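Q: Before anything else, here's the structure in question.
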Amino acid sequence: MELTISLLLLAFVFHATLFTSFQFRAAQSNAYDQLRTELAKAETPTGPLNTDENLVVAGSPVALLQAPSIGLSVTVLEGSSSEVLRSGAGHRRDTVMPGQPGTTVILGRQLTYGGPFGSLKDLQPGDEITVTTGQGVSVYRVFGLRRAGDPLPEALQSGQGRLELMTADGLALFPSGVLHVDAELITKTNKAAAQVIAYSALPAGEKAMGQDQGAWFIAFFWGVFFVLAGVTVAWLWRNWGKWHAWVVGIPVLLALGVTTADAVMNALPNLL
């Protein structure tokens, strides 16, 4: 049993710190290629609805966000659920698209799945953030970082644009809250698109530190299989001998451990 638990913990650490980064890079490569193609064809969504007047599919690439001062370049996807944030930064669907009048909110993970927003804390007032969308290139200037309890920025004036970046704050995997980066639009505003989703209508899993409660059932399901595999390996150890058990059992336990870890990661808060 001690070996089983150790392998599970090892699989979780390996998955969270290494394997998720590989997943993120592959997903980002595909998303960037799709975004570049759609920008060239003028097919990138510029609002919550596509050309067929249906909601843009969650996970669709909508922008490229770059912050040169911290070496950040990430493709932004539509939606902000834990599943979407495995593949990139996520545009919160109740807010305007970057470059449009109003406040755009983009969420990203601090550590896991590439941790694209892990360096947000290093941004300084005056740093510029560039966002490329189907409406062109918009430039924002950072004017503040804030945490829970800090005063909110002044209300936007009519026609102004703002960008708010959000990620987990504090120790990695043990967040103390949410870090907000506020930036003002310093280029001209683009034409606004009609908003059809209110913040109150967003699923809880798409808000900051949101969780997909249904994902815990899947994690439990895989956890049961992992425990059963551990019991089987223990039986083999006693009846076949330790070397046979190692050869047969360790690959199976590692595979199930990574799968279980992946399911757990999907159930944890979306900004980790």
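Going through the structure tokens in order, the chains are called A, B, and so on, while each chain numbers its residues from 1 and the ligands are numbered from 1 in the order shown.
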Which residues are near Ala219 of chain A? Cut-off 10 Å, only C-alpha atoms, ignore same chain within fewer than 5 positions. Put them as a ChimeraX atom specification.
A: /A:214,224,259-267
Q: Hey, can you spit out that residue selection with N, CA, C and O atoms as a short mmCIF file (atom, residue, chain, number, x, y, z; two decimals), in the first residue's frame?
A:
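Just written: again-v1.cif:
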data_model
loop_
_atom_site.label_atom_id
_atom_site.label_comp_id
_atom_site.auth_asym_id
_atom_site.auth_seq_id
_atom_site.Cartn_x
_atom_site.Cartn_y
_atom_site.Cartn_z
N GLY A 214 -18.33 18.13 -11.21
CA GLY A 214 -18.52 16.82 -11.81
C GLY A 214 -17.22 16.10 -12.08
O GLY A 214 -17.18 14.86 -12.18
N VAL A 224 -10.33 4.71 -7.92
CA VAL A 224 -10.74 3.35 -7.55
C VAL A 224 -9.97 2.33 -8.38
O VAL A 224 -9.48 1.32 -7.86
N THR A 259 -3.18 9.08 -15.22
CA THR A 259 -4.57 9.30 -15.60
C THR A 259 -5.38 9.86 -14.44
O THR A 259 -6.19 10.78 -14.59
N THR A 260 -5.15 9.29 -13.25
CA THR A 260 -5.84 9.79 -12.06
C THR A 260 -5.42 11.21 -11.75
O THR A 260 -6.26 12.07 -11.43
N ALA A 261 -4.13 11.49 -11.86
CA ALA A 261 -3.62 12.84 -11.61
C ALA A 261 -4.22 13.84 -12.59
O ALA A 261 -4.57 14.96 -12.21
N ASP A 262 -4.37 13.43 -13.84
CA ASP A 262 -4.96 14.31 -14.85
C ASP A 262 -6.41 14.63 -14.50
O ASP A 262 -6.86 15.77 -14.65
N ALA A 263 -7.14 13.61 -14.03
CA ALA A 263 -8.53 13.84 -13.64
C ALA A 263 -8.63 14.75 -12.42
O ALA A 263 -9.50 15.62 -12.35
N VAL A 264 -7.70 14.60 -11.48
CA VAL A 264 -7.68 15.47 -10.30
C VAL A 264 -7.37 16.90 -10.70
O VAL A 264 -7.99 17.85 -10.22
N MET A 265 -6.40 17.07 -11.61
CA MET A 265 -6.04 18.41 -12.07
C MET A 265 -7.24 19.12 -12.69
O MET A 265 -7.42 20.32 -12.53
N ASN A 266 -8.06 18.37 -13.41
CA ASN A 266 -9.23 18.96 -14.05
C ASN A 266 -10.28 19.36 -13.04
O ASN A 266 -11.15 20.19 -13.35
N ALA A 267 -10.23 18.78 -11.85
CA ALA A 267 -11.23 19.09 -10.82
C ALA A 267 -10.77 20.21 -9.89
O ALA A 267 -11.59 20.79 -9.15
#
Q: Skipping near chain neighbours, those fewer than 2 positions away, what residues fall within 10 Å of Ala234 of chain A using only C-alpha atoms, listed as an mmCIF file with N, CA, C and O atoms, in the first residue's frame?
A:
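Everything below was put into result17.cif:
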data_model
loop_
_atom_site.group_PDB
_atom_site.id
_atom_site.type_symbol
_atom_site.label_atom_id
_atom_site.label_comp_id
_atom_site.auth_asym_id
_atom_site.auth_seq_id
_atom_site.Cartn_x
_atom_site.Cartn_y
_atom_site.Cartn_z
ATOM 1 N N MET A 1 0.826 -1.205 0.000
ATOM 2 C CA MET A 1 0.000 0.000 0.000
ATOM 3 C C MET A 1 0.865 1.262 0.000
ATOM 4 O O MET A 1 0.549 2.244 -0.656
ATOM 5 N N LEU A 3 3.760 1.590 -1.308
ATOM 6 C CA LEU A 3 4.286 1.755 -2.652
ATOM 7 C C LEU A 3 3.236 2.353 -3.576
ATOM 8 O O LEU A 3 3.529 3.231 -4.400
ATOM 9 N N THR A 4 1.999 1.906 -3.438
ATOM 10 C CA THR A 4 0.909 2.418 -4.271
ATOM 11 C C THR A 4 0.710 3.908 -4.051
ATOM 12 O O THR A 4 0.594 4.689 -5.003
ATOM 13 N N LEU A 228 -7.395 -0.543 -6.985
ATOM 14 C CA LEU A 228 -7.555 -1.956 -7.349
ATOM 15 C C LEU A 228 -6.289 -2.500 -8.008
ATOM 16 O O LEU A 228 -5.890 -3.645 -7.758
ATOM 17 N N ALA A 229 -5.668 -1.674 -8.841
ATOM 18 C CA ALA A 229 -4.417 -2.102 -9.467
ATOM 19 C C ALA A 229 -3.334 -2.290 -8.412
ATOM 20 O O ALA A 229 -2.531 -3.230 -8.491
ATOM 21 N N GLY A 230 -3.307 -1.404 -7.408
ATOM 22 C CA GLY A 230 -2.328 -1.540 -6.331
ATOM 23 C C GLY A 230 -2.534 -2.824 -5.541
ATOM 24 O O GLY A 230 -1.566 -3.509 -5.185
ATOM 25 N N VAL A 231 -3.794 -3.164 -5.267
ATOM 26 C CA VAL A 231 -4.094 -4.414 -4.558
ATOM 27 C C VAL A 231 -3.661 -5.619 -5.392
ATOM 28 O O VAL A 231 -3.100 -6.598 -4.867
ATOM 29 N N THR A 232 -3.888 -5.541 -6.712
ATOM 30 C CA THR A 232 -3.491 -6.633 -7.597
ATOM 31 C C THR A 232 -1.981 -6.814 -7.607
ATOM 32 O O THR A 232 -1.464 -7.944 -7.572
ATOM 33 N N LEU A 236 0.249 -10.062 -6.607
ATOM 34 C CA LEU A 236 1.283 -10.623 -7.473
ATOM 35 C C LEU A 236 2.611 -10.704 -6.741
ATOM 36 O O LEU A 236 3.382 -11.657 -6.933
ATOM 37 N N TRP A 237 2.882 -9.693 -5.908
ATOM 38 C CA TRP A 237 4.140 -9.660 -5.148
ATOM 39 C C TRP A 237 4.258 -10.905 -4.274
ATOM 40 O O TRP A 237 5.315 -11.521 -4.180
ATOM 41 N N ARG A 238 3.120 -11.271 -3.648
ATOM 42 C CA ARG A 238 3.139 -12.424 -2.731
ATOM 43 C C ARG A 238 3.132 -13.757 -3.469
ATOM 44 O O ARG A 238 3.681 -14.745 -2.993
ATOM 45 N N ASN A 239 2.496 -13.793 -4.646
ATOM 46 C CA ASN A 239 2.298 -15.076 -5.314
ATOM 47 C C ASN A 239 3.229 -15.310 -6.503
ATOM 48 O O ASN A 239 3.484 -16.461 -6.857
ATOM 49 N N TRP A 240 3.709 -14.256 -7.130
ATOM 50 C CA TRP A 240 4.598 -14.410 -8.280
ATOM 51 C C TRP A 240 6.048 -14.111 -7.924
ATOM 52 O O TRP A 240 6.952 -14.561 -8.597
ATOM 53 N N GLY A 241 6.227 -13.257 -6.934
ATOM 54 C CA GLY A 241 7.570 -12.775 -6.641
ATOM 55 C C GLY A 241 7.684 -11.303 -7.007
ATOM 56 O O GLY A 241 6.970 -10.804 -7.870
ATOM 57 N N LYS A 242 8.608 -10.617 -6.317
ATOM 58 C CA LYS A 242 8.645 -9.172 -6.460
ATOM 59 C C LYS A 242 9.051 -8.701 -7.855
ATOM 60 O O LYS A 242 8.540 -7.695 -8.342
ATOM 61 N N ALA A 245 6.144 -8.968 -10.209
ATOM 62 C CA ALA A 245 5.171 -7.934 -9.855
ATOM 63 C C ALA A 245 5.625 -6.556 -10.325
ATOM 64 O O ALA A 245 4.830 -5.762 -10.833
ATOM 65 N N TRP A 246 6.921 -6.278 -10.176
ATOM 66 C CA TRP A 246 7.460 -4.985 -10.618
ATOM 67 C C TRP A 246 7.312 -4.829 -12.121
ATOM 68 O O TRP A 246 6.869 -3.790 -12.615
ATOM 69 N N GLY A 249 3.423 -4.766 -12.831
ATOM 70 C CA GLY A 249 2.596 -3.800 -12.122
ATOM 71 C C GLY A 249 3.013 -2.345 -12.222
ATOM 72 O O GLY A 249 2.150 -1.465 -12.321
#
Q: In segment 53-235 of chain A, what's strand (DSSP E or B) per DSSP? Answer as an NGL selection string?
A: :A and (55 or 61-67 or 72-78 or 89-91 or 102-107 or 128-133 or 136-146 or 161-171 or 174-185)
Q: If you count only C-alpha atoms, which residues fall within 8 Å of segment 172-180 of chain A, apart from same-chain ones fewer than 3 positions away, as a PyMOL selection string?
A: chain A and resi 110-111+121+145-148+164-169+208-209+272
Q: Within 7 Å of segment 78-86 of chain A, which residues of segment 99-204 of chain A show up? Give each one with its shortest atom-to-atom distance in Å (one decimal) and the two atoms involved, counting only C-alpha atoms, rows by chain then rising residue number, as JSON lines.
A:
{"residue": "A:Leu107", "atom": "CA", "partner": "A:Ser80", "partner_atom": "CA", "distance": 6.5}
{"residue": "A:Gly108", "atom": "CA", "partner": "A:Leu85", "partner_atom": "CA", "distance": 6.4}
{"residue": "A:Arg109", "atom": "CA", "partner": "A:Leu85", "partner_atom": "CA", "distance": 6.8}
{"residue": "A:Tyr113", "atom": "CA", "partner": "A:Arg86", "partner_atom": "CA", "distance": 5.5}
Q: Determine, for each residue of segment 25-99 of chain A having at least one atom at most 12 Å from an atom of segment 149-162 of chain A, the closest pair of atoms and their separation in Å to one decimal, counting only C-alpha atoms; order by chain and ascending number, as a tab-separated table.
A:
residue	atom	partner	partner_atom	distance
A:Thr95	CA	A:Arg162	CA	10.6
A:Val96	CA	A:Gly161	CA	9.3
A:Met97	CA	A:Gly161	CA	10.0
A:Pro98	CA	A:Gly161	CA	8.2
A:Gly99	CA	A:Gly161	CA	6.6
Q: May I have the selected residues written with N, CA, C and O atoms, as a PDB file, in the first residue's frame?
A:
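After the write, part-v5.pdb holds the following:
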ATOM      1  N   THR A  95     -17.491  39.223 -20.801  1.00  0.00           N
ATOM      2  CA  THR A  95     -16.797  40.497 -20.999  1.00  0.00           C
ATOM      3  C   THR A  95     -16.520  40.731 -22.480  1.00  0.00           C
ATOM      4  O   THR A  95     -16.544  39.805 -23.292  1.00  0.00           O
ATOM      5  N   VAL A  96     -16.244  41.999 -22.812  1.00  0.00           N
ATOM      6  CA  VAL A  96     -16.003  42.365 -24.206  1.00  0.00           C
ATOM      7  C   VAL A  96     -14.698  41.758 -24.702  1.00  0.00           C
ATOM      8  O   VAL A  96     -13.823  41.390 -23.915  1.00  0.00           O
ATOM      9  N   MET A  97     -14.584  41.666 -26.012  1.00  0.00           N
ATOM     10  CA  MET A  97     -13.339  41.199 -26.606  1.00  0.00           C
ATOM     11  C   MET A  97     -12.260  42.269 -26.443  1.00  0.00           C
ATOM     12  O   MET A  97     -12.566  43.462 -26.360  1.00  0.00           O
ATOM     13  N   PRO A  98     -10.984  41.868 -26.409  1.00  0.00           N
ATOM     14  CA  PRO A  98      -9.908  42.857 -26.295  1.00  0.00           C
ATOM     15  C   PRO A  98      -9.996  43.923 -27.378  1.00  0.00           C
ATOM     16  O   PRO A  98     -10.296  43.631 -28.531  1.00  0.00           O
ATOM     17  N   GLY A  99      -9.731  45.161 -26.962  1.00  0.00           N
ATOM     18  CA  GLY A  99      -9.757  46.274 -27.903  1.00  0.00           C
ATOM     19  C   GLY A  99     -11.082  46.992 -27.975  1.00  0.00           C
ATOM     20  O   GLY A  99     -11.167  48.106 -28.502  1.00  0.00           O
TER      21      GLY A  99
END
